[in-house]
Amino acid sequence: MGACHAVNDVTRASAARRRRRIRRSRWLGTVASALVMGAMVAPEAVIAQGGQSEAAEPGPADPAVVALGRALDRRMTVWATDRRVVYVSHCRHARGGCPERVASFARLIGEAAQRHHLDPFLLAAVAVRESGMDPTAQGGVGERGIVQLHPRGSGARVRYVRSEAYRRSCSRRPDACQAEVLEAGASLLSRSIDRCGGVREGLGAYNRGVCGPTSYADRVMSERQRLLRLAKTDARTVADID
């Protein structure tokens, strides 16, 4: 009996260490981002629009979300001069314009990431790699939304994925009804990271259903680094969608 208890204790300790490693790997990027961005972004500012800033809503702004909005704004930029900014087509034609859409997406990504204990820059990187942040993008087997939910998988109960009429009505909104899409995508990514034991392994499962680092995971992590660089850049840079 003593041996059995000892084995059980070792198993429980090993599982606890594994959970701590997962939590550390998931939160490392979030903490690092918040520390860097908190020193850079004024709480009363949001996304710059051609050199102008919108007033923030009442209450303290999340520095990481503000910084993410700035990064996404630049990521959606095709080219810019002192007087004019040209965004990618899908964002340029959005209701309210690209800056309003980007502000909405940054907020929704930040909220979904917080609920599921994810780095918002990681979740945003998945969205950029999956769809170029285009809510109208459609995958080869019917994936929909900015994180490309599978209609027979994580998107099976998501209205935006299931209903063409609903998607058309959503086109009239700056956020394109992406809250439910991001909620499902963040939940899937969080579960994948927990199940696989690491961020890169979880990204592999998000993409192909099997744990393990892949070229997809490498591309997402590279995109995350790019977004962080754009968030810290003083000048607007060209950021083509590839």
# chains A, B, ... in the order shown; residues from 1 in each chain; ligands from 1
>>> residues_around(residues="Val128 in chain A", least_positions_apart="4", cutoff="10 Å", atoms="only C-alpha atoms", output="number ranges by chain")
A: 72, 75-76, 122-124, 132-134, 146-147, 220, 223-224, 227, 241-242
>>> write_last_selection(atoms="C-alpha atoms", output="PDB file, in the first residue's frame")
ATOM      1  CA  LEU A  72      -2.974  45.577 -36.115  1.00  0.00           C
ATOM      2  CA  ARG A  75      -0.345  45.329 -40.034  1.00  0.00           C
ATOM      3  CA  MET A  76      -3.370  46.226 -42.142  1.00  0.00           C
ATOM      4  CA  LEU A 122      -0.753  35.109 -29.766  1.00  0.00           C
ATOM      5  CA  LEU A 123      -4.493  35.009 -30.481  1.00  0.00           C
ATOM      6  CA  ALA A 124      -4.125  37.982 -32.838  1.00  0.00           C
ATOM      7  CA  GLY A 132      -5.413  38.159 -42.757  1.00  0.00           C
ATOM      8  CA  MET A 133      -7.964  39.555 -40.267  1.00  0.00           C
ATOM      9  CA  ASP A 134     -10.625  39.337 -42.988  1.00  0.00           C
ATOM     10  CA  ILE A 146     -11.032  35.683 -38.623  1.00  0.00           C
ATOM     11  CA  VAL A 147      -9.785  32.557 -36.849  1.00  0.00           C
ATOM     12  CA  VAL A 220       2.120  31.986 -35.903  1.00  0.00           C
ATOM     13  CA  GLU A 223       3.664  36.654 -36.681  1.00  0.00           C
ATOM     14  CA  ARG A 224       3.339  37.282 -32.957  1.00  0.00           C
ATOM     15  CA  LEU A 227       2.989  42.294 -34.142  1.00  0.00           C
ATOM     16  CA  ILE A 241      -0.614  40.545 -45.821  1.00  0.00           C
ATOM     17  CA  ASP A 242       1.179  37.461 -47.107  1.00  0.00           C
TER      18      ASP A 242
END
>>> select_by_dssp(residues="range 30-197 of chain A", states="alpha helix (DSSP H)", output="ChimeraX atom specification")
/A:30-38,63-75,89-92,98-115,120-131,159-162,164-170,179-196
>>> atom_distance(atom1="CA of Ala176 in chain A", atom2="CA of Val199 in chain A")
28.0 Å
>>> closest_residue(among="A:Val158, A:Ser89, A:Ile193, A:Glu164", to="Asp119 in chain A", atoms="only C-alpha atoms")
A:Ile193
>>> closest_residue(among="A:Gly110, A:Gly153, A:Pro63, A:Gly97", to="Arg208 in chain A", atoms="only C-alpha atoms")
A:Gly153
>>> select_by_dssp(residues="range 44-212 of chain A", states="strand (DSSP E)", output="PyMOL selection string")
chain A and resi 45-49+52-55+77-80+85-87
>>> write_last_selection(atoms="C-alpha atoms", output="PDB file, in the first residue's frame")
ATOM      1  CA  ALA A  45      -5.074  57.002 -26.328  1.00  0.00           C
ATOM      2  CA  VAL A  46      -6.377  54.354 -28.664  1.00  0.00           C
ATOM      3  CA  ILE A  47      -5.568  53.551 -32.258  1.00  0.00           C
ATOM      4  CA  ALA A  48      -4.031  56.405 -34.204  1.00  0.00           C
ATOM      5  CA  GLN A  49      -6.024  57.307 -37.293  1.00  0.00           C
ATOM      6  CA  GLN A  52      -5.187  61.508 -34.911  1.00  0.00           C
ATOM      7  CA  SER A  53      -6.170  59.638 -31.763  1.00  0.00           C
ATOM      8  CA  GLU A  54      -9.638  58.771 -30.601  1.00  0.00           C
ATOM      9  CA  ALA A  55     -10.656  59.478 -27.044  1.00  0.00           C
ATOM     10  CA  THR A  77      -1.497  49.118 -43.782  1.00  0.00           C
ATOM     11  CA  VAL A  78      -0.436  48.685 -47.410  1.00  0.00           C
ATOM     12  CA  TRP A  79       1.333  52.026 -47.634  1.00  0.00           C
ATOM     13  CA  ALA A  80       1.283  55.380 -45.931  1.00  0.00           C
ATOM     14  CA  VAL A  85      -2.941  55.868 -45.216  1.00  0.00           C
ATOM     15  CA  VAL A  86      -4.050  53.036 -47.489  1.00  0.00           C
ATOM     16  CA  TYR A  87      -5.265  49.843 -45.851  1.00  0.00           C
TER      17      TYR A  87
END
>>> residues_around(residues="Tyr206 in chain A", least_positions_apart="3", cutoff="7 Å", atoms="only C-alpha atoms", output="VMD selection string")
chain A and resid 188 to 189 192 202 to 203 209
>>> write_last_selection(atoms="N, CA and C atoms", output="compact mmCIF listing (two decimals), in the first residue's frame")
# COMPACT_ATOMS: atom_id res chain seq x y z
N LEU A 188 -10.83 26.94 -28.15
CA LEU A 188 -10.16 25.81 -28.79
C LEU A 188 -8.65 25.89 -28.60
N LEU A 189 -8.08 27.06 -28.80
CA LEU A 189 -6.63 27.21 -28.65
C LEU A 189 -6.20 26.95 -27.21
N SER A 192 -6.34 23.29 -26.52
CA SER A 192 -5.28 22.61 -27.25
C SER A 192 -3.94 22.75 -26.52
N GLY A 202 0.32 23.11 -28.89
CA GLY A 202 -1.11 23.43 -28.96
C GLY A 202 -1.49 24.09 -30.27
N LEU A 203 -0.60 24.91 -30.82
CA LEU A 203 -0.85 25.52 -32.13
C LEU A 203 -0.93 24.44 -33.21
N GLY A 209 -5.27 19.23 -35.50
CA GLY A 209 -5.91 18.30 -34.58
C GLY A 209 -4.98 17.37 -33.86
>>> atom_distance(atom1="CA of Gly204 in chain A", atom2="CA of Ala217 in chain A")
5.9 Å
>>> closest_residue(among="A:Cys170, A:Cys196, A:Ala179, A:Ile109", to="Phe121 in chain A", atoms="only C-alpha atoms")
A:Ile109
